[in-house]
Every structure is written in structure tokens, then in C-alpha cells.
>>> print(open('upload_14.txt').read())   # compact mmCIF, C-alpha atoms
# COMPACT_ATOMS: atom_id res chain seq x y z
CA MET N 1 -105.39 -7.96 -53.93
CA ARG N 2 -102.96 -8.43 -51.11
CA SER N 3 -100.75 -11.52 -51.09
CA SER N 4 -101.25 -14.06 -48.35
CA ALA N 5 -97.99 -12.90 -46.75
CA GLU N 6 -99.21 -9.27 -46.70
CA GLU N 7 -102.59 -10.30 -45.31
CA GLU N 8 -100.93 -12.27 -42.58
CA LEU N 9 -99.29 -9.07 -41.30
CA PHE N 10 -102.71 -7.47 -40.79
CA LEU N 11 -104.50 -10.39 -39.20
CA PRO N 12 -105.57 -9.63 -35.60
CA SER N 13 -103.36 -11.16 -32.89
CA THR N 14 -106.39 -11.12 -30.64
CA PRO N 15 -110.02 -10.86 -31.64
CA GLY N 16 -111.04 -7.33 -32.53
CA LYS N 17 -107.45 -6.01 -32.86
CA PHE N 18 -105.23 -5.52 -35.85
CA LYS N 19 -101.33 -5.37 -35.96
CA ASP N 20 -99.76 -2.09 -36.62
CA ARG N 21 -97.35 -2.60 -39.55
CA SER N 22 -94.52 -0.38 -38.29
CA HIS N 23 -94.71 -1.86 -34.81
CA ALA N 24 -94.57 -5.39 -36.20
CA MET N 25 -91.51 -4.60 -38.31
CA HIS N 26 -89.82 -3.03 -35.26
CA ARG N 27 -90.41 -6.17 -33.22
CA GLN N 28 -89.15 -8.38 -36.04
CA PHE N 29 -85.94 -6.36 -36.17
CA HIS N 30 -85.41 -6.85 -32.41
CA ARG N 31 -86.00 -10.56 -32.73
CA CYS N 32 -83.49 -10.77 -35.55
CA PHE N 33 -80.94 -8.75 -33.59
CA ALA N 34 -81.48 -10.83 -30.48
CA SER N 35 -81.09 -14.00 -32.52
CA THR N 36 -77.84 -12.75 -34.10
CA SER N 37 -76.42 -11.75 -30.71
CA THR N 38 -77.27 -15.13 -29.28
CA MET N 39 -75.63 -16.89 -32.19
CA PHE N 40 -72.54 -14.71 -31.78
CA LEU N 41 -72.33 -15.57 -28.07
CA TRP N 42 -72.79 -19.24 -28.81
CA ALA N 43 -70.06 -19.02 -31.44
CA LEU N 44 -67.70 -17.41 -28.92
CA PHE N 45 -68.54 -20.11 -26.42
CA LEU N 46 -67.85 -22.86 -28.95
CA VAL N 47 -64.56 -21.25 -29.95
CA ALA N 48 -63.52 -21.01 -26.30
CA LEU N 49 -64.57 -24.60 -25.68
CA THR N 50 -62.64 -25.82 -28.69
CA ALA N 51 -59.53 -23.89 -27.62
CA ALA N 52 -59.79 -25.32 -24.12
CA TYR N 53 -60.15 -28.83 -25.49
CA LEU N 54 -57.19 -28.47 -27.81
CA SER N 55 -55.11 -27.02 -25.00
CA PHE N 56 -56.08 -29.87 -22.69
CA GLN N 57 -55.40 -32.44 -25.43
CA SER N 58 -51.98 -30.91 -26.01
CA PHE N 59 -51.29 -31.15 -22.29
CA VAL N 60 -52.41 -34.77 -22.23
CA ASP N 61 -50.32 -35.62 -25.29
CA SER N 62 -47.22 -33.93 -23.94
CA GLY N 63 -47.77 -35.56 -20.58
CA SER N 64 -48.19 -38.90 -22.26
CA ARG N 65 -44.95 -38.41 -24.17
CA TYR N 66 -43.24 -37.33 -20.97
CA PHE N 67 -44.29 -40.43 -19.09
CA SER N 68 -43.88 -42.96 -21.92
CA SER N 69 -40.75 -41.77 -23.78
CA ALA N 70 -37.32 -43.40 -23.45
CA TRP N 71 -36.34 -40.59 -21.13
CA GLY N 72 -38.45 -38.39 -18.87
CA GLY N 73 -41.09 -39.02 -16.27
CA ILE N 74 -41.22 -39.17 -12.49
CA HIS N 75 -39.70 -42.66 -12.21
CA TRP N 76 -36.94 -41.78 -14.66
CA GLU N 77 -36.04 -38.62 -12.74
CA LYS N 78 -35.96 -40.59 -9.50
CA GLN N 79 -33.52 -43.08 -11.03
CA VAL N 80 -31.28 -40.27 -12.28
CA ARG N 81 -31.21 -38.54 -8.88
CA SER N 82 -30.56 -41.78 -7.03
CA SER N 83 -27.69 -42.74 -9.33
CA ALA N 84 -26.15 -39.26 -8.99
CA GLN N 85 -26.08 -39.35 -5.20
CA ILE N 86 -22.61 -38.79 -3.72
CA HIS N 87 -21.46 -41.14 -0.97
CA ARG N 88 -18.11 -39.68 0.02
CA GLN N 89 -16.94 -36.38 1.41
CA ASN N 90 -16.10 -33.87 -1.33
CA GLY N 91 -17.19 -36.41 -3.91
CA PHE N 92 -18.18 -35.71 -7.51
CA SER N 93 -21.39 -36.10 -9.45
CA VAL N 94 -20.30 -37.28 -12.90
CA LEU N 95 -22.18 -37.64 -16.16
CA VAL N 96 -20.43 -40.42 -18.11
CA THR N 97 -21.32 -40.51 -21.81
CA GLY N 98 -20.73 -43.79 -23.61
CA ALA N 99 -21.19 -45.48 -20.23
CA ALA N 100 -22.11 -48.84 -21.77
CA GLY N 101 -18.96 -48.75 -23.85
CA PHE N 102 -15.69 -50.46 -22.98
CA VAL N 103 -13.86 -47.61 -21.22
CA GLY N 104 -17.11 -46.03 -20.00
CA THR N 105 -18.13 -49.14 -18.08
CA HIS N 106 -14.82 -49.45 -16.27
CA VAL N 107 -14.60 -45.73 -15.44
CA SER N 108 -18.18 -45.69 -14.14
CA LEU N 109 -17.51 -48.66 -11.86
CA ALA N 110 -14.31 -47.09 -10.51
CA LEU N 111 -16.06 -43.80 -9.71
CA LYS N 112 -19.05 -45.50 -8.07
CA LYS N 113 -16.80 -47.77 -6.04
CA ARG N 114 -15.10 -44.81 -4.39
CA GLY N 115 -18.39 -43.07 -3.60
CA ASP N 116 -18.95 -40.65 -6.46
CA GLY N 117 -22.38 -40.14 -8.01
CA VAL N 118 -22.51 -41.51 -11.55
CA VAL N 119 -25.18 -41.15 -14.24
CA GLY N 120 -24.51 -42.90 -17.54
CA LEU N 121 -25.65 -42.05 -21.06
CA ASP N 122 -25.49 -44.38 -24.06
CA ASN N 123 -27.41 -44.89 -27.31
CA PHE N 124 -26.60 -48.64 -27.57
CA ASN N 125 -25.95 -48.42 -31.32
CA ASN N 126 -25.16 -51.49 -33.38
CA TYR N 127 -21.61 -50.67 -34.48
CA TYR N 128 -20.84 -53.90 -32.65
CA ASP N 129 -23.12 -56.37 -30.88
CA PRO N 130 -25.49 -54.32 -28.66
CA ALA N 131 -25.97 -57.41 -26.48
CA LEU N 132 -22.46 -56.86 -25.10
CA LYS N 133 -23.32 -53.25 -24.30
CA ARG N 134 -26.52 -54.33 -22.55
CA ALA N 135 -24.56 -56.89 -20.55
CA ARG N 136 -22.27 -54.06 -19.44
CA ARG N 137 -25.36 -52.03 -18.56
CA ASP N 138 -26.60 -54.90 -16.39
CA LEU N 139 -23.22 -54.99 -14.67
CA LEU N 140 -23.46 -51.26 -13.94
CA SER N 141 -27.06 -51.61 -12.79
CA SER N 142 -25.98 -54.23 -10.26
CA HIS N 143 -23.76 -51.50 -8.78
CA ASN N 144 -26.65 -48.98 -8.70
CA ILE N 145 -25.48 -47.05 -11.75
CA PHE N 146 -28.32 -45.89 -13.99
CA ILE N 147 -27.74 -45.49 -17.72
CA VAL N 148 -30.00 -43.15 -19.66
CA GLU N 149 -30.70 -44.56 -23.11
CA GLY N 150 -30.35 -41.64 -25.49
CA ASP N 151 -28.18 -39.85 -28.02
CA VAL N 152 -25.63 -37.23 -27.03
CA ASN N 153 -27.06 -35.09 -29.86
CA ASP N 154 -30.38 -34.80 -27.98
CA ALA N 155 -30.09 -31.26 -26.60
CA ARG N 156 -33.46 -31.41 -24.77
CA MET N 157 -32.48 -34.56 -22.94
CA LEU N 158 -29.10 -33.12 -21.93
CA ALA N 159 -30.76 -29.94 -20.68
CA LYS N 160 -33.14 -32.06 -18.60
CA LEU N 161 -30.29 -34.04 -17.09
CA PHE N 162 -28.46 -30.87 -16.09
CA GLU N 163 -31.71 -29.51 -14.68
CA ILE N 164 -32.15 -32.57 -12.47
CA VAL N 165 -28.50 -32.93 -11.38
CA ALA N 166 -25.86 -30.24 -10.82
CA PHE N 167 -23.06 -32.33 -12.32
CA THR N 168 -19.61 -31.31 -11.12
CA HIS N 169 -17.87 -33.22 -13.92
CA VAL N 170 -18.55 -34.75 -17.32
CA MET N 171 -16.56 -37.73 -18.55
CA HIS N 172 -17.24 -37.71 -22.29
CA LEU N 173 -16.39 -41.12 -23.74
CA ALA N 174 -19.22 -41.47 -26.27
CA ALA N 175 -17.87 -41.62 -29.82
CA GLN N 176 -18.00 -43.52 -33.07
CA ALA N 177 -14.86 -45.61 -32.83
CA GLY N 178 -12.87 -47.59 -35.37
CA VAL N 179 -10.51 -46.48 -38.12
CA ARG N 180 -11.66 -48.76 -40.94
CA TYR N 181 -15.43 -48.40 -40.44
CA ALA N 182 -15.10 -44.71 -41.37
CA MET N 183 -14.71 -45.76 -45.00
CA GLU N 184 -18.12 -47.50 -44.84
CA ASN N 185 -20.10 -44.98 -42.82
CA PRO N 186 -18.33 -41.60 -42.66
CA HIS N 187 -21.43 -39.67 -41.59
CA SER N 188 -21.68 -41.60 -38.32
CA TYR N 189 -18.30 -40.14 -37.30
CA VAL N 190 -19.40 -36.58 -38.00
CA HIS N 191 -22.69 -37.18 -36.17
CA SER N 192 -21.09 -38.61 -33.01
CA ASN N 193 -17.58 -37.19 -32.82
CA ILE N 194 -18.25 -33.65 -33.99
CA ALA N 195 -21.96 -32.79 -33.81
CA GLY N 196 -22.42 -34.79 -30.61
CA LEU N 197 -19.42 -33.13 -29.00
CA VAL N 198 -20.73 -29.65 -29.85
CA THR N 199 -24.19 -30.50 -28.49
CA LEU N 200 -22.65 -31.67 -25.22
CA LEU N 201 -20.40 -28.62 -24.93
CA GLU N 202 -23.41 -26.37 -25.47
CA ALA N 203 -25.23 -28.11 -22.62
CA CYS N 204 -22.17 -27.75 -20.37
CA LYS N 205 -21.78 -24.10 -21.35
CA ASN N 206 -25.40 -23.36 -20.41
CA ALA N 207 -25.35 -25.38 -17.17
CA ASP N 208 -25.23 -23.62 -13.83
CA PRO N 209 -22.75 -24.45 -12.44
CA GLN N 210 -20.66 -25.39 -15.44
CA PRO N 211 -19.01 -28.80 -15.00
CA ALA N 212 -15.35 -29.60 -15.64
CA ILE N 213 -15.00 -31.81 -18.72
CA VAL N 214 -12.68 -34.74 -19.39
CA TRP N 215 -13.05 -36.32 -22.80
CA ALA N 216 -11.53 -39.06 -24.95
CA SER N 217 -9.43 -37.94 -27.87
CA SER N 218 -7.18 -40.55 -29.50
CA SER N 219 -3.60 -41.42 -30.32
CA SER N 220 -4.86 -41.52 -33.92
CA VAL N 221 -4.46 -37.73 -34.07
CA TYR N 222 -0.70 -38.27 -34.49
CA GLY N 223 -1.53 -39.67 -37.93
CA LEU N 224 1.47 -39.90 -40.24
CA ASN N 225 3.86 -38.47 -37.64
CA GLU N 226 7.11 -40.48 -37.78
CA LYS N 227 8.77 -38.97 -34.72
CA THR N 228 8.66 -41.33 -31.74
CA PRO N 229 7.58 -41.50 -29.04
CA PHE N 230 4.53 -39.33 -29.73
CA SER N 231 4.40 -36.22 -27.52
CA GLU N 232 1.52 -33.84 -26.88
CA SER N 233 3.58 -30.99 -28.34
CA ASP N 234 4.02 -32.79 -31.70
CA LEU N 235 2.19 -31.52 -34.76
CA THR N 236 -1.08 -33.34 -35.41
CA ASP N 237 -1.99 -31.87 -38.78
CA ARG N 238 -1.64 -35.03 -40.91
CA PRO N 239 -4.45 -37.41 -39.97
CA ALA N 240 -4.43 -40.78 -41.72
CA SER N 241 -8.15 -41.54 -41.29
CA LEU N 242 -11.48 -39.79 -40.99
CA TYR N 243 -11.73 -41.06 -37.42
CA ALA N 244 -8.45 -39.33 -36.62
CA ALA N 245 -9.64 -36.16 -38.36
CA THR N 246 -12.82 -36.04 -36.26
CA LYS N 247 -10.80 -36.45 -33.06
CA LYS N 248 -8.41 -33.72 -34.15
CA ALA N 249 -11.44 -31.52 -34.92
CA GLY N 250 -12.69 -32.30 -31.42
CA GLU N 251 -9.49 -30.97 -29.91
CA GLU N 252 -9.87 -27.71 -31.82
CA ILE N 253 -13.55 -27.43 -30.88
CA THR N 254 -12.91 -28.03 -27.18
CA HIS N 255 -10.16 -25.42 -27.21
CA THR N 256 -12.62 -22.92 -28.68
CA TYR N 257 -15.21 -23.57 -25.98
CA ASN N 258 -12.53 -23.30 -23.33
CA HIS N 259 -11.35 -19.98 -24.75
CA ILE N 260 -14.77 -18.37 -25.26
CA TYR N 261 -16.88 -19.80 -22.45
CA GLY N 262 -14.41 -20.73 -19.70
CA LEU N 263 -15.08 -24.48 -19.72
CA SER N 264 -12.41 -26.48 -17.92
CA ILE N 265 -11.39 -29.17 -20.42
CA THR N 266 -8.96 -32.09 -20.36
CA GLY N 267 -8.43 -34.21 -23.49
CA LEU N 268 -7.01 -37.73 -23.22
CA ARG N 269 -5.25 -39.40 -26.14
CA PHE N 270 -5.80 -43.13 -25.55
CA PHE N 271 -3.33 -45.65 -26.98
CA THR N 272 -4.87 -49.02 -28.04
CA VAL N 273 -6.89 -49.87 -24.95
CA TYR N 274 -7.56 -53.57 -24.31
CA GLY N 275 -8.88 -55.83 -21.58
CA PRO N 276 -12.03 -57.54 -20.19
CA TRP N 277 -15.36 -56.29 -21.58
CA GLY N 278 -13.43 -54.90 -24.56
CA ARG N 279 -14.57 -54.00 -28.07
CA PRO N 280 -15.12 -56.92 -30.48
CA ASP N 281 -13.80 -54.87 -33.41
CA MET N 282 -10.32 -54.64 -31.89
CA ALA N 283 -7.64 -56.98 -33.29
CA TYR N 284 -6.83 -58.81 -30.03
CA PHE N 285 -10.55 -59.53 -29.54
CA SER N 286 -11.27 -60.77 -33.07
CA PHE N 287 -8.02 -62.77 -33.08
CA THR N 288 -9.13 -64.55 -29.91
CA ARG N 289 -12.48 -65.41 -31.41
CA ASN N 290 -11.04 -66.68 -34.69
CA ILE N 291 -8.22 -68.67 -33.09
CA LEU N 292 -10.72 -70.50 -30.88
CA GLN N 293 -12.95 -71.24 -33.88
CA GLY N 294 -10.07 -72.43 -36.04
CA LYS N 295 -10.49 -69.57 -38.49
CA PRO N 296 -7.50 -67.82 -40.09
CA ILE N 297 -6.44 -64.42 -38.81
CA THR N 298 -5.07 -61.65 -41.03
CA ILE N 299 -1.90 -59.96 -39.83
CA TYR N 300 -0.98 -56.74 -41.60
CA ARG N 301 2.58 -55.77 -42.35
CA GLY N 302 3.91 -52.30 -43.15
CA LYS N 303 6.26 -51.06 -45.83
CA ASN N 304 9.46 -53.05 -46.35
CA ARG N 305 7.84 -55.97 -44.53
CA VAL N 306 8.00 -54.17 -41.19
CA ASP N 307 5.72 -55.58 -38.51
CA LEU N 308 3.01 -53.26 -37.17
CA ALA N 309 3.44 -52.27 -33.52
CA ARG N 310 1.01 -50.85 -30.99
CA ASP N 311 1.38 -49.27 -27.56
CA PHE N 312 -1.16 -51.64 -25.98
CA THR N 313 -2.57 -50.11 -22.77
CA TYR N 314 -4.50 -52.19 -20.24
CA ILE N 315 -7.91 -50.90 -19.25
CA ASP N 316 -7.11 -50.55 -15.53
CA ASP N 317 -4.22 -48.20 -16.33
CA ILE N 318 -6.48 -46.13 -18.59
CA VAL N 319 -9.08 -45.90 -15.82
CA LYS N 320 -6.45 -44.61 -13.38
CA GLY N 321 -5.55 -41.89 -15.86
CA CYS N 322 -9.20 -40.94 -16.39
CA VAL N 323 -9.94 -40.72 -12.67
CA ALA N 324 -6.73 -38.75 -12.02
CA SER N 325 -7.80 -36.31 -14.76
CA LEU N 326 -11.11 -35.76 -12.98
CA ASP N 327 -9.38 -35.34 -9.63
CA THR N 328 -6.95 -32.71 -10.93
CA ALA N 329 -9.44 -30.85 -13.14
CA LYS N 330 -10.05 -27.29 -12.01
CA LYS N 331 -13.49 -25.72 -12.00
CA SER N 332 -14.89 -24.04 -15.08
CA THR N 333 -14.82 -20.26 -14.94
CA GLY N 334 -17.96 -19.31 -16.86
CA SER N 335 -21.61 -18.76 -16.06
CA GLY N 336 -24.55 -17.81 -18.22
CA GLY N 337 -22.48 -18.54 -21.31
CA LYS N 338 -19.83 -15.94 -20.36
CA LYS N 339 -16.25 -16.48 -19.24
CA ARG N 340 -15.10 -14.66 -16.11
CA ARG N 341 -11.43 -15.61 -16.41
CA PRO N 342 -9.21 -18.10 -18.28
CA ALA N 343 -9.98 -21.76 -17.61
CA GLN N 344 -7.81 -24.87 -17.47
CA TYR N 345 -7.09 -26.62 -20.78
CA ARG N 346 -4.96 -29.77 -20.98
CA ILE N 347 -4.17 -32.70 -23.26
CA PHE N 348 -2.46 -35.90 -22.10
CA ASN N 349 -1.22 -39.11 -23.66
CA LEU N 350 -2.40 -42.23 -21.83
CA GLY N 351 -0.33 -45.14 -23.10
CA ASN N 352 1.91 -47.92 -21.84
CA THR N 353 5.22 -46.67 -23.37
CA SER N 354 6.12 -50.21 -24.48
CA PRO N 355 5.06 -50.91 -28.08
CA VAL N 356 4.60 -54.58 -28.99
CA THR N 357 4.44 -55.96 -32.54
CA VAL N 358 1.24 -57.59 -33.70
CA PRO N 359 2.93 -60.98 -34.30
CA MET N 360 4.21 -60.90 -30.69
CA MET N 361 0.69 -60.15 -29.47
CA VAL N 362 -0.63 -63.12 -31.46
CA GLY N 363 2.06 -65.31 -29.90
CA ILE N 364 0.89 -64.35 -26.40
CA LEU N 365 -2.72 -65.17 -27.33
CA GLU N 366 -1.67 -68.57 -28.71
CA LYS N 367 0.06 -69.34 -25.42
CA GLN N 368 -2.92 -68.26 -23.32
CA LEU N 369 -5.48 -70.06 -25.48
CA LYS N 370 -3.24 -73.12 -25.99
CA VAL N 371 -4.17 -73.06 -29.67
CA LYS N 372 -1.98 -72.40 -32.69
CA ALA N 373 -3.30 -69.60 -34.91
CA ARG N 374 -3.79 -69.98 -38.64
CA LYS N 375 -2.06 -66.85 -39.88
CA LYS N 376 -2.31 -64.97 -43.14
CA THR N 377 0.14 -62.09 -43.51
CA VAL N 378 -0.65 -59.33 -46.01
CA GLU N 379 0.53 -55.80 -46.70
CA MET N 380 -1.39 -53.09 -44.87
CA PRO N 381 -4.05 -51.56 -47.13
CA GLY N 382 -4.63 -47.82 -47.36
CA ASN N 383 -7.52 -47.85 -44.92
CA GLY N 384 -6.30 -45.30 -42.39
CA ASP N 385 -4.24 -47.58 -40.13
CA VAL N 386 -0.79 -46.40 -39.10
CA PRO N 387 2.27 -48.68 -38.78
CA PHE N 388 3.05 -47.97 -35.13
CA THR N 389 2.09 -46.03 -32.02
CA HIS N 390 4.27 -45.13 -29.06
CA ALA N 391 3.29 -42.79 -26.24
CA ASN N 392 5.44 -40.31 -24.38
CA ILE N 393 3.64 -40.14 -21.01
CA SER N 394 6.00 -37.81 -19.15
CA SER N 395 3.37 -35.06 -18.96
CA ALA N 396 0.69 -37.38 -17.58
CA ARG N 397 3.19 -38.89 -15.18
CA ARG N 398 4.15 -35.46 -13.89
CA GLU N 399 0.70 -33.84 -13.63
CA LEU N 400 -1.59 -36.83 -13.05
CA GLY N 401 0.72 -39.24 -11.28
CA TYR N 402 -0.05 -41.64 -14.14
CA LYS N 403 2.01 -44.82 -14.06
CA PRO N 404 0.93 -47.87 -16.11
CA THR N 405 1.71 -51.16 -14.37
CA THR N 406 0.25 -53.93 -16.57
CA ASP N 407 2.34 -55.48 -19.35
CA LEU N 408 0.71 -57.06 -22.40
CA GLN N 409 1.22 -60.66 -21.27
CA THR N 410 -0.48 -60.04 -17.93
CA GLY N 411 -3.27 -58.00 -19.51
CA LEU N 412 -4.05 -60.54 -22.23
CA LYS N 413 -4.14 -63.32 -19.64
CA LYS N 414 -6.87 -61.39 -17.79
CA PHE N 415 -8.71 -60.72 -21.04
CA VAL N 416 -8.69 -64.38 -22.11
CA ARG N 417 -9.98 -65.44 -18.69
CA TRP N 418 -12.89 -62.99 -19.05
CA TYR N 419 -13.53 -63.97 -22.67
CA LEU N 420 -13.85 -67.66 -21.83
CA SER N 421 -16.09 -66.95 -18.86
CA TYR N 422 -18.36 -64.68 -20.90
CA TYR N 423 -18.56 -66.55 -24.22
CA GLY N 424 -17.56 -70.02 -23.09
CA ASP N 425 -15.00 -72.34 -24.69
CA ASN N 426 -17.27 -73.77 -27.37
CA ARG N 427 -14.92 -73.64 -30.33
CA ALA N 428 -17.59 -74.50 -32.82
CA LYS N 429 -19.88 -71.75 -31.55
CA SER N 430 -20.06 -68.55 -33.55
CA VAL N 431 -19.42 -65.48 -31.40
CA ASN N 432 -21.02 -62.22 -32.54
>>> encode(input="upload_14.txt", output="C-alpha cells")
Amino acid sequence: MRSSAEEELFLPSTPGKFKDRSHAMHRQFHRCFASTSTMFLWALFLVALTAAYLSFQSFVDSGSRYFSSAWGGIHWEKQVRSSAQIHRQNGFSVLVTGAAGFVGTHVSLALKKRGDGVVGLDNFNNYYDPALKRARRDLLSSHNIFIVEGDVNDARMLAKLFEIVAFTHVMHLAAQAGVRYAMENPHSYVHSNIAGLVTLLEACKNADPQPAIVWASSSSVYGLNEKTPFSESDLTDRPASLYAATKKAGEEITHTYNHIYGLSITGLRFFTVYGPWGRPDMAYFSFTRNILQGKPITIYRGKNRVDLARDFTYIDDIVKGCVASLDTAKKSTGSGGKKRRPAQYRIFNLGNTSPVTVPMMVGILEKQLKVKARKKTVEMPGNGDVPFTHANISSARRELGYKPTTDLQTGLKKFVRWYLSYYGDNRAKSVN
């Protein structure tokens, strides 16, 4: 007996005819092969379709990130280009890092005022009240200066900026400032003052053309040096704080990039900069706030009851030194990451050459505010502060034409006028 399946093979397809077994098997094989081939083609098609979809989705996602991120996009690029436009003959296009900072704001305004193109960069961190930084940003914006919100450690963003604008100069003022805060958050100093500096130098090294670089070092590099006044040729191998150590490291790093890659670099050692739009963590600023609010102020005293003294330098004088450094900076000598010939490397002190004791500074504030301070005098703790600073500016005077003109009494008068106009004279109001 044949099974039903076997019988089915021999049933006639048409009346009076029977299937040939071998022929039927041959046709079944072809059908199977045709079916497999079709499935294979469909599989290829589906794979291709999936790949195309994923590729398109990746494009959409990247495009979405490009248009919606803090930096990037057509409108963002337009703002960068517009801000970088030069409006004077032989003018500069300058990238100013830390542009919403104290010195950065004033330098940016000075450059824009004379017709240079200026693009700012700032991360608006909360080391001190970001509202003050955003108020500075608004001030710059009113003068058609655009600030990119981003971190100097963002290599992709820096590369994009250099792709959009052929910067002739970089004014690098972004840094984690403050001597005492380094004991609370040491990693922030390494991140900003060392890693950030290297990231920026890499971007400048790879740029075509390479810009000339002016950057902010600090008088803190003189550390425990007791020889006065401090000169650029003095040894700076005894830092008293981590902040000072990172700035000293920055000087060594910039020298290396100058030597290997031909970057033109000028380092500026600032001495206790003060003035309108200043930093709230500075003594003159916090003293003003506390005196107005009737709170006591702490005045530190050095060994043997010696008053601390600082070479207070008014912001306008610092700006003149910064701009003169840009004007006298020679072009970098590298391209494609290779040096063609030696490049300019300089370091200058920018100070006032007239140290004033902290008690004398408080006395000037009391006179300007017409309020007597509640003082508490204590010995200086081992937090990285140094007892005095005093700048020898003969080199800057000779090569930059640097000549400070504002004494502390005049400068503090201008600061107090700004402070009262910005914060008001509400003595019961807490100022952050």
C-alpha cells in the first residue's frame, strides 16, 4: 500500500495523465532553489534598508545635536563670524578666553572699541556668582561682542572656532583663580590652568595660520621669594600655593610649545588687579560688601606683626599692558605642527610698583564709603598667601611702553562708585 503522500505524487495533473516522479522532483528542487534565492535577495534588501535607515538616523541625530547644542549651528556660526569682523586697517581678530571674567571683559571692550574683531569664550562656572559674569556678558553683547559658552578643554569646539575664524591672536585669560580655594578644590586648578592651557595650545598649534598668544600668568609665581621688587629674571621655583604652582607649570608648558612648535607666546604676571566689575572673592571687594552691611572684616598680619602689602594695579592699567602685548607680539613661526624658525617668547610683570598695606587700603575704603569698618586682625594662616608683592616693571616699560597711571585712592573711588551703582546702597541687603 502506498501512503497518501506517495499516491499524491502519482495523481494525474490533468485527466488521463500521470506525473512522472523524476520530473516532479526536479521541478520541486527548482521551486525550492527559486524560493531560497528570493529570500536571500529579500534579506539583502532588508539589510540595505536597515543600514540606510541607521545612517539617516545618525545623520539626523548629529544634525539635531549640531543645531541644538550650546555651540554649533548656522546661527551660532553667523554670530561668531560677525563678532570676529575687523573694523580697522591692519586690525586683529582675537579669541579672548575667560571673556566674561573681570580682566577678560575689560580687554574685550578695549579691543572692540578700537576696531578689532573679538570672539569671547567662557564657561560661566560658579566659583563666584555667575550672575555677575552674565551681567558682564550682557555688557559685551551691547557692544556686539559674542561670547561662546563652553569650556577651554573642549578640543572639538576650539577646532570649530579656528575653522570658522582665522584668529590672528589669542588672549588667554580663562583660569581657575584664587589662592585659598585651591585647598578646597585642587582638581579645578589642574583642569583649568594646566589641562585647559594644553588643550588651547594644541588648537593654536594645529591652526592655520597659527595665532600669536598672550596669556595671564600671575605674580603668585614669585612665591616665597624675599627679594624685592620682583623681577622676571628672579627664580620662581618656590611656589606658596597650588594656584601659584599651576601658573608656574603654565609658564614651563608655554615655553615648550614655543620651542617645539614655533608659537609666539607672551606671558603676563598680573599683580593684584582691582576695579569696576571686579571679582567678589578679592579682599577689596569683600571688604566693601561687609563694611556696608556692618559685618566685621578680617585683616591678616604676617610674621612679627608685619602688615601685609600688595602691589594693587588698576584694571585700566592692566588692559593697556594686555593690548600693548598683543600689538608687539610677533607672528608664530610654525605650520602643520612644525616650527620653521625660532619664535618670540616673553614674560612681563604688570604691576603698579607702589605696594600698599592692607590696613591702608581699608582706610581708603572707609573714607570712600563714609563708614567705619569693624576690624578683626589675625595672624596669616598657612593657606598659600604671601606677605607682600612688589613688581619691577622696567622690562614692560621698555618693551611695551607700559606705564601705570592710577593710584589706589583714585582706583578705589572708581570701584566704589561702580559697586554702589551695580548693587545699590541697601546696607541691610545681602550681596552674593
>>> residues_around(input="upload_14.txt", residues="stretch 261-264 of chain N", least_positions_apart="6", cutoff="10 Å", atoms="all atoms listed in the file", output="count of residues only")
31
>>> atom_distance(input="upload_14.txt", atom1="atom CA of N:Tyr189", atom2="atom CA of N:Gln176")
5.4 Å
>>> axis_aligned_box(input="upload_14.txt", around="stretch 312-321 of chain N", padding_each_side="6 Å", output="JSON")
{"center_x": -5.1, "center_y": -47.0, "center_z": -19.7, "size_x": 19.9, "size_y": 22.3, "size_z": 24.6}
>>> closest_residue(input="upload_14.txt", among="N:Ala249, N:Leu95, N:Leu350, N:Ala166", to="N:Thr272", atoms="all atoms listed in the file")
N:Leu350
>>> residues_near_point(input="upload_14.txt", point="(-37.5, -34.7, -13.6)", cutoff="10 Å", atoms="all atoms listed in the file", output="ChimeraX atom specification")
/N:66,71-81,160-161,163-165
>>> atom_distance(input="upload_14.txt", atom1="atom CA of N:Asn258", atom2="atom CA of N:Phe162")
19.1 Å
>>> closest_residue(input="upload_14.txt", among="N:Ala324, N:Val416, N:Ile393, N:Ile347", to="N:Glu366", atoms="all atoms listed in the file")
N:Val416
>>> atom_distance(input="upload_14.txt", atom1="atom CA of N:Tyr127", atom2="atom CA of N:Asp316")
23.9 Å
>>> residues_around(input="upload_14.txt", residues="N:Ser394", least_positions_apart="6", cutoff="9 Å", atoms="only C-alpha atoms", output="ChimeraX atom specification")
/N:231,349,402
>>> write_last_selection(input="upload_14.txt", atoms="C-alpha atoms", output="mmCIF file, in the frame of the given file")
data_model
loop_
_atom_site.group_PDB
_atom_site.id
_atom_site.type_symbol
_atom_site.label_atom_id
_atom_site.label_comp_id
_atom_site.auth_asym_id
_atom_site.auth_seq_id
_atom_site.Cartn_x
_atom_site.Cartn_y
_atom_site.Cartn_z
ATOM 1 C CA SER N 231 4.400 -36.220 -27.520
ATOM 2 C CA ASN N 349 -1.220 -39.110 -23.660
ATOM 3 C CA TYR N 402 -0.050 -41.640 -14.140
#
>>> closest_residue(input="upload_14.txt", among="N:Gly278, N:Gly91, N:Gly401, N:Gly294", to="N:Leu111", atoms="all atoms listed in the file")
N:Gly91
>>> closest_residue(input="upload_14.txt", among="N:Val356, N:Leu139, N:Val107, N:Ile299", to="N:Asp311", atoms="all atoms listed in the file")
N:Val356
>>> residues_near_point(input="upload_14.txt", point="(-6.4, -45.6, -28.0)", cutoff="8 Å", atoms="only C-alpha atoms", output="PyMOL selection string")
chain N and resi 218-220+269-273+313+351
>>> closest_residue(input="upload_14.txt", among="N:Pro239, N:Thr406, N:Lys375, N:Asn225", to="N:Lys295", atoms="only C-alpha atoms")
N:Lys375
